[in-house]
Each structure stands twice: as C-alpha cells, then as structure tokens.
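Coordinates as given in run-v8.txt (compact mmCIF, C-alpha atoms):
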# COMPACT_ATOMS: atom_id res chain seq x y z
CA MET A 14 -1.88 24.37 -10.25
CA LYS A 15 -0.44 20.91 -10.86
CA PHE A 16 1.06 20.96 -7.40
CA LEU A 17 -2.28 21.93 -5.81
CA LYS A 18 -3.94 19.10 -7.72
CA ALA A 19 -1.30 16.68 -6.42
CA PHE A 20 -1.83 18.01 -2.88
CA GLY A 21 -5.59 17.44 -3.21
CA GLN A 22 -4.92 13.98 -4.60
CA PHE A 23 -2.73 13.28 -1.57
CA TRP A 24 -5.61 13.97 0.85
CA TYR A 25 -8.00 11.91 -1.29
CA ASP A 26 -5.51 9.02 -1.28
CA PHE A 27 -4.96 9.53 2.42
CA ILE A 28 -8.60 9.33 3.48
CA ILE A 29 -10.23 7.27 0.74
CA GLY A 30 -7.15 5.42 -0.56
CA ASP A 31 -7.46 2.26 -2.64
CA ASP A 32 -10.59 1.20 -0.80
CA TRP A 33 -13.29 3.67 0.24
CA LYS A 34 -15.02 0.95 2.23
CA ILE A 35 -12.39 1.17 4.99
CA ALA A 36 -13.11 4.86 5.63
CA ALA A 37 -16.85 4.12 5.51
CA ALA A 38 -16.45 1.21 7.95
CA VAL A 39 -14.51 3.35 10.45
CA VAL A 40 -17.04 6.21 10.28
CA LEU A 41 -19.95 3.77 10.65
CA ALA A 42 -18.31 2.00 13.62
CA LEU A 43 -17.71 5.32 15.40
CA LEU A 44 -21.29 6.43 14.69
CA VAL A 45 -22.70 3.24 16.23
CA LEU A 46 -20.40 3.76 19.23
CA LEU A 47 -21.66 7.34 19.54
CA VAL A 48 -25.28 6.19 19.53
CA ALA A 49 -24.49 3.56 22.19
CA MET A 50 -22.78 6.20 24.33
CA LEU A 51 -25.63 8.70 24.02
CA ALA A 52 -28.14 5.94 24.81
CA GLY A 53 -26.22 5.26 28.04
CA VAL A 54 -26.14 1.52 27.36
CA PHE A 55 -22.66 0.84 28.83
CA GLY A 56 -20.03 2.42 31.04
CA ASP A 57 -16.57 3.42 29.72
CA THR A 58 -15.20 -0.13 29.75
CA GLY A 59 -18.14 -1.52 27.79
CA LEU A 60 -18.10 1.38 25.32
CA THR A 61 -14.37 1.16 24.55
CA LEU A 62 -14.54 -2.61 24.07
CA LEU A 63 -17.62 -2.19 21.88
CA GLY A 64 -15.82 0.50 19.83
CA GLY A 65 -12.76 -1.73 19.33
CA ALA A 66 -14.96 -4.68 18.32
CA LEU A 67 -17.00 -2.57 15.88
CA ILE A 68 -13.86 -1.28 14.15
CA VAL A 69 -12.43 -4.81 13.84
CA ILE A 70 -15.74 -6.09 12.43
CA GLY A 71 -16.02 -3.13 10.03
CA PHE A 72 -12.52 -3.72 8.68
CA SER A 73 -13.13 -7.46 8.32
CA VAL A 74 -16.36 -6.92 6.39
CA SER A 75 -14.78 -4.34 4.05
CA LEU A 76 -11.86 -6.68 3.33
CA ALA A 77 -14.18 -9.65 2.80
CA ILE A 78 -16.20 -7.62 0.26
CA ASP A 79 -12.94 -6.58 -1.41
CA VAL A 80 -11.73 -10.12 -2.05
CA ARG A 81 -15.04 -11.83 -2.74
CA PRO A 82 -15.10 -13.93 -5.91
CA LYS A 83 -16.33 -11.89 -8.88
CA ARG A 84 -19.22 -13.05 -11.06
CA ARG A 85 -18.20 -13.85 -14.59
CA MET B 47 14.09 7.79 28.80
CA ASP B 48 11.02 5.70 29.65
CA ALA B 49 9.44 2.95 27.54
CA ALA B 50 6.67 5.22 26.20
CA THR B 51 9.23 7.72 24.88
CA TRP B 52 11.22 4.98 23.18
CA GLY B 53 7.99 3.62 21.71
CA LEU B 54 7.22 7.08 20.32
CA ILE B 55 10.67 7.40 18.74
CA ILE B 56 10.55 3.88 17.24
CA ALA B 57 7.03 4.37 15.80
CA THR B 58 7.87 7.67 14.07
CA PHE B 59 11.31 6.38 13.01
CA VAL B 60 9.92 3.29 11.24
CA ALA B 61 7.05 5.21 9.60
CA CYS B 62 9.41 7.92 8.37
CA PHE B 63 11.97 5.32 7.22
CA VAL B 64 9.40 3.68 4.90
CA GLU B 65 8.29 6.98 3.37
CA MET B 66 11.86 8.23 2.97
CA VAL B 67 12.84 5.07 1.05
CA GLU B 68 10.08 5.89 -1.48
CA ALA B 69 11.05 9.57 -1.70
CA THR B 70 14.75 8.71 -2.06
CA THR B 71 14.02 6.51 -5.09
CA ILE B 72 12.49 9.53 -6.87
CA VAL B 73 15.30 11.91 -5.86
CA MET B 74 18.00 9.44 -6.97
CA ALA B 75 16.33 8.99 -10.35
CA MET B 76 16.35 12.78 -10.85
CA GLY B 77 19.92 13.12 -9.56
CA PHE B 78 21.43 10.40 -11.75
CA THR B 79 19.61 11.33 -14.96
CA ARG B 80 19.30 15.13 -14.73
CA SER B 81 20.90 17.26 -12.01
CA TRP B 82 22.00 16.35 -8.49
CA ARG B 83 22.10 20.03 -7.54
CA SER B 84 18.48 20.66 -8.58
CA ALA B 85 17.26 17.37 -7.10
CA LEU B 86 18.92 18.12 -3.73
CA ILE B 87 17.68 21.73 -3.68
CA GLY B 88 14.16 20.35 -4.29
CA THR B 89 14.66 17.79 -1.49
CA PHE B 90 15.87 20.28 1.12
CA ALA B 91 13.22 22.86 0.10
CA ALA B 92 10.53 20.21 0.70
CA LEU B 93 12.08 19.18 4.05
CA GLY B 94 12.11 22.86 5.08
CA VAL B 95 8.43 23.33 4.19
CA LEU B 96 7.56 20.09 6.03
CA ALA B 97 9.36 21.31 9.17
CA VAL B 98 7.39 24.59 9.08
CA VAL B 99 4.09 22.71 8.54
CA THR B 100 4.88 20.41 11.51
CA VAL B 101 5.61 23.30 13.88
CA ALA B 102 2.66 25.45 12.72
CA ALA B 103 0.06 22.65 12.61
CA GLY B 104 1.36 21.17 15.88
CA TYR B 105 1.06 24.50 17.69
CA ALA B 106 -2.39 25.26 16.22
CA LEU B 107 -3.84 21.82 17.00
CA ALA B 108 -2.40 21.66 20.52
CA THR B 109 -3.59 25.18 21.33
CA TRP B 110 -7.08 25.29 19.87
CA LEU B 111 -8.54 21.79 20.11
CA PRO B 112 -9.68 20.07 23.33
CA GLU B 113 -7.92 16.75 23.98
CA SER B 114 -10.87 14.50 23.19
CA ALA B 115 -11.56 16.32 19.88
CA LEU B 116 -7.91 15.88 18.96
CA GLN B 117 -8.08 12.17 19.79
CA LEU B 118 -11.22 11.69 17.70
CA ALA B 119 -10.10 13.68 14.64
CA ILE B 120 -6.48 12.58 14.54
CA GLY B 121 -7.15 9.09 15.87
CA GLY B 122 -9.88 8.58 13.25
CA LEU B 123 -7.63 9.65 10.38
CA LEU B 124 -4.74 7.60 11.77
CA LEU B 125 -7.02 4.59 12.03
CA ILE B 126 -8.21 4.89 8.40
CA PHE B 127 -4.64 5.41 7.21
CA GLY B 128 -3.31 2.49 9.26
CA LEU B 129 -6.07 0.13 8.14
CA GLN B 130 -5.32 0.95 4.49
CA TRP B 131 -1.67 -0.02 5.05
CA LEU B 132 -2.80 -3.16 6.86
CA ARG B 133 -5.17 -4.06 4.01
CA LYS B 134 -2.33 -3.72 1.48
CA ALA B 135 0.00 -5.77 3.69
CA ILE B 136 -2.60 -8.54 4.01
CA LEU B 137 -3.26 -8.61 0.25
CA ARG B 138 0.49 -8.60 -0.54
CA SER B 139 1.32 -11.28 2.04
CA SER B 140 -1.45 -13.50 0.68
CA GLY B 141 -0.30 -13.04 -2.92
CA ARG B 142 -3.35 -11.05 -4.05
CA LYS B 143 -1.57 -7.77 -4.74
CA ALA B 144 1.74 -7.02 -6.43
CA VAL B 145 4.61 -6.32 -4.00
CA HIS B 146 5.94 -2.73 -3.94
CA ASP B 147 8.99 -2.68 -6.23
CA GLU B 148 11.46 0.22 -5.77
CA ASP B 149 13.51 -0.90 -8.80
CA ALA B 150 10.46 -0.68 -11.10
CA ILE B 151 9.54 2.76 -9.69
CA TYR B 152 13.13 3.91 -10.23
CA ARG B 153 13.04 2.77 -13.88
CA GLU B 154 9.75 4.63 -14.46
CA GLU B 155 11.14 7.84 -12.95
CA VAL B 156 14.33 7.58 -15.04
CA GLU B 157 12.28 7.17 -18.23
CA ALA B 158 10.14 10.20 -17.32
CA ALA B 159 13.26 12.25 -16.56
CA ARG B 160 14.86 11.37 -19.92
CA ALA B 161 11.66 12.11 -21.81
CA ALA B 162 11.30 15.57 -20.24
CA GLY B 163 13.96 17.22 -22.43
CA GLU B 164 17.23 19.00 -21.65
CA THR B 165 17.80 22.05 -19.47
CA THR B 166 20.84 24.02 -20.59
CA LYS B 167 21.85 26.03 -17.52
CA GLY B 168 20.73 27.14 -14.08
CA LEU B 169 18.23 25.22 -11.99
CA ASP B 170 16.73 22.18 -13.70
CA LEU B 171 13.06 22.85 -12.92
CA PHE B 172 11.95 19.32 -13.82
CA ALA B 173 14.38 17.69 -11.37
CA PHE B 174 13.59 20.33 -8.72
CA MET B 175 9.81 19.98 -8.98
CA VAL B 176 9.73 16.17 -9.17
CA SER B 177 12.09 15.90 -6.17
CA PHE B 178 10.19 18.56 -4.22
CA LYS B 179 6.83 16.94 -4.93
CA GLY B 180 8.10 13.44 -4.14
CA VAL B 181 9.65 14.42 -0.80
CA PHE B 182 6.80 16.77 0.16
CA LEU B 183 3.96 14.35 -0.53
CA GLU B 184 5.69 11.34 1.06
CA GLY B 185 6.77 13.63 3.91
CA MET B 186 3.22 14.86 4.56
CA GLU B 187 2.32 11.37 5.71
CA VAL B 188 5.26 11.49 8.11
CA VAL B 189 4.22 14.95 9.37
CA PHE B 190 0.77 13.55 10.07
CA ILE B 191 2.22 10.59 11.98
CA VAL B 192 4.64 12.82 13.93
CA LEU B 193 1.80 15.20 14.88
CA THR B 194 -0.54 12.38 15.82
CA PHE B 195 1.88 10.50 18.02
CA GLY B 196 3.56 13.67 19.30
CA LEU B 197 0.33 15.44 20.30
CA ASN B 198 -1.17 12.42 21.98
CA ALA B 199 2.04 11.77 23.91
CA ASN B 200 2.45 15.53 24.57
CA ASN B 201 5.92 15.31 23.05
CA ILE B 202 6.20 16.53 19.46
CA PRO B 203 9.98 17.18 19.79
CA VAL B 204 10.70 13.51 20.61
CA ALA B 205 8.43 12.33 17.78
CA SER B 206 10.29 14.69 15.43
CA ILE B 207 13.63 13.25 16.56
CA GLY B 208 12.50 9.78 15.47
CA ALA B 209 11.50 11.11 12.05
CA ALA B 210 14.64 13.22 11.62
CA ALA B 211 16.84 10.23 12.51
CA ALA B 212 15.16 8.20 9.77
CA VAL B 213 15.75 10.99 7.22
CA VAL B 214 19.46 11.12 8.11
CA ILE B 215 19.91 7.32 8.05
CA VAL B 216 18.05 6.76 4.74
CA LEU B 217 19.96 9.61 3.07
CA GLY B 218 23.21 8.20 4.49
CA ILE B 219 22.49 4.70 3.11
CA ALA B 220 21.46 6.18 -0.27
CA VAL B 221 24.64 8.27 -0.53
CA ALA B 222 26.81 5.27 0.45
CA LEU B 223 25.16 2.80 -1.95
CA ARG B 224 24.31 5.19 -4.82
CA ARG B 225 21.41 3.02 -6.00
CA PRO B 226 17.70 2.52 -5.18
CA LEU B 227 17.14 1.02 -1.73
CA SER B 228 15.30 -2.02 -3.06
CA MET B 229 17.10 -4.38 -0.65
CA ILE B 230 15.04 -2.96 2.21
CA ASN B 231 11.95 -5.08 2.90
CA GLU B 232 9.59 -2.14 2.63
CA ASN B 233 6.48 -4.30 2.61
CA LEU B 234 7.38 -5.86 5.97
CA LEU B 235 8.08 -2.40 7.43
CA LYS B 236 4.74 -1.14 6.12
CA TYR B 237 3.01 -4.13 7.70
CA GLY B 238 4.58 -3.27 11.07
CA VAL B 239 3.72 0.43 10.78
CA GLY B 240 0.17 -0.45 9.64
CA LEU B 241 -0.28 -2.54 12.81
CA LEU B 242 0.99 0.31 15.00
CA LEU B 243 -1.15 2.95 13.29
CA ALA B 244 -4.29 0.78 13.37
CA SER B 245 -3.77 0.00 17.08
CA PHE B 246 -3.03 3.56 18.22
CA GLY B 247 -5.77 4.85 15.89
CA THR B 248 -8.36 2.47 17.40
CA TYR B 249 -7.29 3.50 20.91
CA TRP B 250 -7.48 7.25 20.32
CA ALA B 251 -10.52 7.38 18.02
CA VAL B 252 -12.61 5.38 20.51
CA GLU B 253 -11.36 7.54 23.42
CA GLY B 254 -12.21 10.69 21.43
CA ILE B 255 -15.90 9.80 21.08
CA GLY B 256 -16.16 11.15 24.64
CA ILE B 257 -16.16 14.68 23.14
CA PHE B 258 -19.89 14.23 22.55
CA ARG B 259 -20.86 13.54 26.17
CA ASP B 260 -21.37 15.93 29.04
CA GLY B 261 -18.05 17.28 30.26
CA ARG B 262 -16.37 16.36 26.93
CA GLU B 263 -14.26 13.80 28.75
CA SER B 264 -12.44 11.09 26.77
CA LEU B 265 -13.66 7.50 27.18
CA GLY B 266 -11.33 5.45 29.35
CA TRP B 267 -10.05 2.04 28.16
CA PRO B 268 -9.67 -0.68 30.79
CA GLY B 269 -5.98 -0.98 31.66
CA HIS B 270 -5.35 2.43 30.05
CA ASP B 271 -2.17 2.51 27.88
CA LEU B 272 -1.59 -1.23 28.36
CA MET B 273 -4.65 -1.79 26.18
CA ILE B 274 -2.60 -0.59 23.19
CA LEU B 275 -0.52 -3.80 23.47
CA VAL B 276 -3.73 -5.85 23.44
CA LEU B 277 -4.92 -3.94 20.35
CA ILE B 278 -1.59 -4.55 18.57
CA ALA B 279 -1.91 -8.28 19.35
CA ALA B 280 -5.55 -8.30 18.18
CA TRP B 281 -4.81 -6.57 14.85
CA PHE B 282 -1.80 -8.83 14.30
CA LEU B 283 -3.85 -11.96 14.96
CA LEU B 284 -6.67 -10.78 12.69
CA SER B 285 -4.23 -9.93 9.89
CA ARG B 286 -2.57 -13.38 10.12
CA ILE B 287 -6.00 -15.06 9.98
CA PHE B 288 -6.81 -13.06 6.84
CA VAL B 289 -3.42 -13.84 5.26
CA ALA B 290 -3.90 -17.57 5.92
CA ALA B 291 -7.49 -17.55 4.65
CA LEU B 292 -6.73 -15.53 1.51
CA ARG B 293 -3.40 -17.12 0.60
CA LYS B 294 -3.26 -18.37 -2.95
CA PRO B 295 -0.51 -19.72 -5.19
CA ALA B 296 1.56 -17.14 -7.13
CA VAL B 297 -0.11 -16.09 -10.38
CA PRO B 298 0.89 -13.57 -13.06
CA SER B 299 0.55 -9.99 -11.80
CA ALA B 300 -1.95 -9.06 -14.53
CA THR B 301 -4.36 -11.68 -13.21
CA VAL B 302 -3.78 -10.50 -9.64
CA ALA B 303 -4.56 -6.92 -10.59
CA MET B 304 -7.90 -7.96 -12.04
CA GLU B 305 -8.90 -9.82 -8.90
CA VAL B 306 -8.35 -7.01 -6.44
CA GLN B 307 -10.54 -3.95 -6.68
CA LYS B 308 -8.50 -0.78 -6.69

Entire entry expressed as structure tokens:
Amino acid sequence: MKFLKAFGQFWYDFIIGDDWKIAAAVVLALLVLLVAMLAGVFGDTGLTLLGGALIVIGFSVSLAIDVRPKRR
Amino acid sequence: MDAATWGLIIATFVACFVEMVEATTIVMAMGFTRSWRSALIGTFAALGVLAVVTVAAGYALATWLPESALQLAIGGLLLIFGLQWLRKAILRSSGRKAVHDEDAIYREEVEAARAAGETTKGLDLFAFMVSFKGVFLEGMEVVFIVLTFGLNANNIPVASIGAAAAVVIVLGIAVALRRPLSMINENLLKYGVGLLLASFGTYWAVEGIGIFRDGRESLGWPGHDLMILVLIAAWFLLSRIFVAALRKPAVPSATVAMEVQK
C-alpha cells in the first residue's frame, strides 16, 4: 500500500511538481493553439511558431507569479 | 552513427546519469548502514522491473497510438517535466532556491536506516524496500525519457543504450569511490537536461496538436528537426534572462525557502 501511495505521489510530482502553474500554462497554451488551428487562422508555420511563443509566454508568466514579492 | 542517433544517446545518458546519482545516494546509505546484499538485491530487482516496464510500455504505445497522438501526449508530459526542471535550475542559479545536496540526503537516509531497528538474519526488508523504491521511482523518470526520445526517434534500443551506459558508469564510480557522488555538479546537469526536455517537449507537443485536424497529420515546424536547435537556444536565452533578473545575494536558506512557493 505504501509503495502504491509512493507510485501515485511520483505521478503527482511528475505532472504537478513544485508548481502547478507550469502544467496549467502548458495546457492553456496548447488549448489556445488548438483553437487557432481549428479556426484556420494560420498555416503550419504560423501555428508552430504561435505554439512555441505561447508556451514560452506561459512559462514566463508562471515563473513571474512564482517569484513576485509577497505582501507582508 | 549519424548526429541524430548520437544526440539521442547523449540526451538519455545525461538524464539517466542525474537520476542514477540520486538513486545511488539512497542505495549507498542502505548498504553502508544496514546490508549491502539486501540493498543490491533491491537495486537489481528495481532495474529488472524498469526494463520490463520500458519494453511493455514502448511496445504498447508504438503499436496502438497514432504518431501525432504520441507526440501530443508524450511531448506534453515531457514539456511539463522539462519546464519544472528548468524552473528549479533558474531559481537555484539565481540564489532563490537551495541547491540539491547529495551529502545532506545521504545523512538523512543514514539516520532513517539506523532508526529503523535491527534485522537479525535473511533479507533486510528495510534496506531492500528503500533501495527498490529509490531506484524504481528515480528510474521511472528515466523510463519516461527513454520512451519519449526513443519513440519519437523510432529507436528505443539506442535510447536504452544511453540510459544503460549511465547506470553502468554511475555504479562504477560509486563502487570505486565508496561515498556519495556529491562532487558531481548535479544542478548543472539538471539545467542541461531541463533545456533539452523543454525544447524537445515544445517541438513534439506543438506538432502533436495536428491530431485534432482532418487527416490527423502532425503540424510541421519550419526547418523541421533543425528547429529543435533554435528552441534549445531560445529556452537557454530565456533562462539566462530570468537568472540575471532574479539574481539576489546569498541569504540563509530558511529565508530563501519562505520566498519561493513550493
């Protein structure tokens, strides 16, 4: 039972980790990319570049939130 | 061998090397304080299970999932995993998070082993289970990386060779030195692996979104595989900008811990 719990903990750590915002940012970026693809806004080149940019922006925002000064 | 194959071996080798250093610390603590026999049986049992998981999961994924679905699912997980490593590397490099310390982990494991009580004869279950769990859980991350890189490059055997080589080398160094491998700059290695995982993850996850369009064809990056080099450069540049922007003078670790949300 303890081992199963540790195995479950492993997957939680793997996907959520120390910062759930990173997983949320990646999912959100891919969802926006999906919407752009289904809307037929860009071709493959535009979509891949948009996807890369969205992921970079998502990561940057999650890290910026992480290190923001705390209110006392 | 071509450059892509070497890249595959190096990526899985470095990733496995980092994880094996962590697992070896746990096994050595059990071996020195309790029973080498039980610790090594636990280690090899875990390596055996990991090998079976790699073969079974590799076969199942390669057989049942279309390529773009594989890229999206595995690329997405790889991306999240890689970005978490990159986040830690940025916070450690900028002095906002405590550096991973194998010596401290070794001391904690030794204390736990001593507190667990004596085993008179036969297999020492405590040493076996702690070693098994340590190697299995650290190894699962390696299995994931081997499967990801191996499946996307259509070459799981070569990816496995990179991982197996790291296991042999880390065990060899540990046996020769007989102490925790704290001299290895694990944080720098993790930074490098984080960059690789984030770059390959971005490449594959974005490609895999094509599963949702007619024909289920992967999206195509301009420049194809060469774009991975651009992504590595972009993630590296972004991480250095963050390190420079967040850098702060060294402060006591207790204060650091309070400033970074877990």

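Across the structure, CA of Val221 (chain B) and CA of Val67 (chain B) are spaced 12.3 Å apart.
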
Counting only C-alpha atoms, select every polymer residue within 12 Å of (-23.6, 4.7, 18.3) as defined in the file's coordinates, and provide the selection as a list in words.
->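 These residues have at least one counted atom within 12 Å: Val40, Leu41, Ala42, Leu43, Leu44, Val45, Leu46, Leu47, Val48, Ala49, Met50, Leu51, Ala52, Gly53, Val54, Phe55, Leu60, Thr61, Leu63, Gly64 and Leu67 of chain A; Val252, Ile255, Gly256 and Phe258 of chain B.
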
Just write the chosen residues, C-alpha atoms, as a PDB file, keeping the file's coordinate frame.
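Final file, again22.pdb:
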ATOM      1  CA  VAL A  40     -17.040   6.210  10.280  1.00  0.00           C
ATOM      2  CA  LEU A  41     -19.950   3.770  10.650  1.00  0.00           C
ATOM      3  CA  ALA A  42     -18.310   2.000  13.620  1.00  0.00           C
ATOM      4  CA  LEU A  43     -17.710   5.320  15.400  1.00  0.00           C
ATOM      5  CA  LEU A  44     -21.290   6.430  14.690  1.00  0.00           C
ATOM      6  CA  VAL A  45     -22.700   3.240  16.230  1.00  0.00           C
ATOM      7  CA  LEU A  46     -20.400   3.760  19.230  1.00  0.00           C
ATOM      8  CA  LEU A  47     -21.660   7.340  19.540  1.00  0.00           C
ATOM      9  CA  VAL A  48     -25.280   6.190  19.530  1.00  0.00           C
ATOM     10  CA  ALA A  49     -24.490   3.560  22.190  1.00  0.00           C
ATOM     11  CA  MET A  50     -22.780   6.200  24.330  1.00  0.00           C
ATOM     12  CA  LEU A  51     -25.630   8.700  24.020  1.00  0.00           C
ATOM     13  CA  ALA A  52     -28.140   5.940  24.810  1.00  0.00           C
ATOM     14  CA  GLY A  53     -26.220   5.260  28.040  1.00  0.00           C
ATOM     15  CA  VAL A  54     -26.140   1.520  27.360  1.00  0.00           C
ATOM     16  CA  PHE A  55     -22.660   0.840  28.830  1.00  0.00           C
ATOM     17  CA  LEU A  60     -18.100   1.380  25.320  1.00  0.00           C
ATOM     18  CA  THR A  61     -14.370   1.160  24.550  1.00  0.00           C
ATOM     19  CA  LEU A  63     -17.620  -2.190  21.880  1.00  0.00           C
ATOM     20  CA  GLY A  64     -15.820   0.500  19.830  1.00  0.00           C
ATOM     21  CA  LEU A  67     -17.000  -2.570  15.880  1.00  0.00           C
TER      22      LEU A  67
ATOM     23  CA  VAL B 252     -12.610   5.380  20.510  1.00  0.00           C
ATOM     24  CA  ILE B 255     -15.900   9.800  21.080  1.00  0.00           C
ATOM     25  CA  GLY B 256     -16.160  11.150  24.640  1.00  0.00           C
ATOM     26  CA  PHE B 258     -19.890  14.230  22.550  1.00  0.00           C
TER      27      PHE B 258
END

In terms of the shortest atom-to-atom distance over only C-alpha atoms, which of B:Leu132, B:Val239, B:Val64, B:Ile151 is closest to chain A?
-> B:Leu132

Any idea what's packed within 8 Å of Trp281 (chain B), counting only C-alpha atoms, ignoring anything in its chain fewer than 4 positions away? Could you give it as a list in words?
->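 Listed by chain and then number, they are Val69 of chain A; Leu241, Ala244, Ser245, Leu277 and Ser285 of chain B.
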
CA of Arg259 (chain B) and CA of Trp110 (chain B) are how many Å apart?
->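 Value for the CA of Arg259 (chain B)-CA of Trp110 (chain B) distance: 19.2 Å.
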
Length of the CA of Gly238 (chain B) to CA of Ile68 (chain A) vector [Å] = 18.8 Å

Chain B residues within 10 Å of chain A, counting all atoms listed in the file: which ones, as a ChimeraX atom specification?
-> /B:118,122-134,136-137,142,175,178-179,182-184,186-187,244-245,248-249,251-260,264-269,277,280-281,284-285,288,292,304-308

Using all atoms listed in the file, find all polymer residues with an atom at most 12 Å away from the point (10.6, 14.0, 1.2); report them as a ChimeraX atom specification.
-> /B:62-74,85-97,175-189,209-210,212-214,216-217

Serialized selection, C-alpha atoms, as a short mmCIF file (atom, residue, chain, number, x, y, z; two decimals), in the coordinates of the input:
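Below is the file part-v3.cif, written as the result:
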data_model
loop_
_atom_site.label_atom_id
_atom_site.label_comp_id
_atom_site.auth_asym_id
_atom_site.auth_seq_id
_atom_site.Cartn_x
_atom_site.Cartn_y
_atom_site.Cartn_z
CA CYS B 62 9.41 7.92 8.37
CA PHE B 63 11.97 5.32 7.22
CA VAL B 64 9.40 3.68 4.90
CA GLU B 65 8.29 6.98 3.37
CA MET B 66 11.86 8.23 2.97
CA VAL B 67 12.84 5.07 1.05
CA GLU B 68 10.08 5.89 -1.48
CA ALA B 69 11.05 9.57 -1.70
CA THR B 70 14.75 8.71 -2.06
CA THR B 71 14.02 6.51 -5.09
CA ILE B 72 12.49 9.53 -6.87
CA VAL B 73 15.30 11.91 -5.86
CA MET B 74 18.00 9.44 -6.97
CA ALA B 85 17.26 17.37 -7.10
CA LEU B 86 18.92 18.12 -3.73
CA ILE B 87 17.68 21.73 -3.68
CA GLY B 88 14.16 20.35 -4.29
CA THR B 89 14.66 17.79 -1.49
CA PHE B 90 15.87 20.28 1.12
CA ALA B 91 13.22 22.86 0.10
CA ALA B 92 10.53 20.21 0.70
CA LEU B 93 12.08 19.18 4.05
CA GLY B 94 12.11 22.86 5.08
CA VAL B 95 8.43 23.33 4.19
CA LEU B 96 7.56 20.09 6.03
CA ALA B 97 9.36 21.31 9.17
CA MET B 175 9.81 19.98 -8.98
CA VAL B 176 9.73 16.17 -9.17
CA SER B 177 12.09 15.90 -6.17
CA PHE B 178 10.19 18.56 -4.22
CA LYS B 179 6.83 16.94 -4.93
CA GLY B 180 8.10 13.44 -4.14
CA VAL B 181 9.65 14.42 -0.80
CA PHE B 182 6.80 16.77 0.16
CA LEU B 183 3.96 14.35 -0.53
CA GLU B 184 5.69 11.34 1.06
CA GLY B 185 6.77 13.63 3.91
CA MET B 186 3.22 14.86 4.56
CA GLU B 187 2.32 11.37 5.71
CA VAL B 188 5.26 11.49 8.11
CA VAL B 189 4.22 14.95 9.37
CA ALA B 209 11.50 11.11 12.05
CA ALA B 210 14.64 13.22 11.62
CA ALA B 212 15.16 8.20 9.77
CA VAL B 213 15.75 10.99 7.22
CA VAL B 214 19.46 11.12 8.11
CA VAL B 216 18.05 6.76 4.74
CA LEU B 217 19.96 9.61 3.07
#

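When the distance limit is 12 Å and all atoms listed in the file are what count, the residues near Glu154 (chain B), minus those fewer than 3 positions from it on the same chain, are B:Thr71, B:Ile72, B:Ala75, B:Met76, B:Thr79, B:Asp147, B:Glu148, B:Asp149, B:Ala150, B:Ile151, B:Glu157, B:Ala158, B:Ala159, B:Arg160, B:Ala161.
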
Using the file's own x, y and z axes, so that the box edges lie along x, y and z, what centre and edge lengths in Å (one decimal) does a box around every listed atom of region 120-128 of chain B get when 8 Å is added on each side? Give it as lines of an AutoDock Vina configuration file.
center_x = -6.6
center_y = 7.5
center_z = 11.5
size_x = 22.6
size_y = 26.1
size_z = 24.7

Counting all atoms listed in the file, what is within 9 Å of Ser81 (chain B), bar same-chain residues fewer than 6 positions away, as a list in words?
-> Leu169, Asp170, Ala173 and Phe174 of chain B

9 Å contact set for Asn198 (chain B), all atoms listed in the file, chain neighbours under 3 positions out, as a PyMOL selection string | chain B and resi 113+116-117+193-195+201-202+250

For Ala57 (chain B): contacts at 9 Å, all atoms listed in the file, fewer than 2 positions along chain excluded, given as a PyMOL selection string = chain B and resi 52-55+59-62+191-192+195+205+208-209+239+242-243
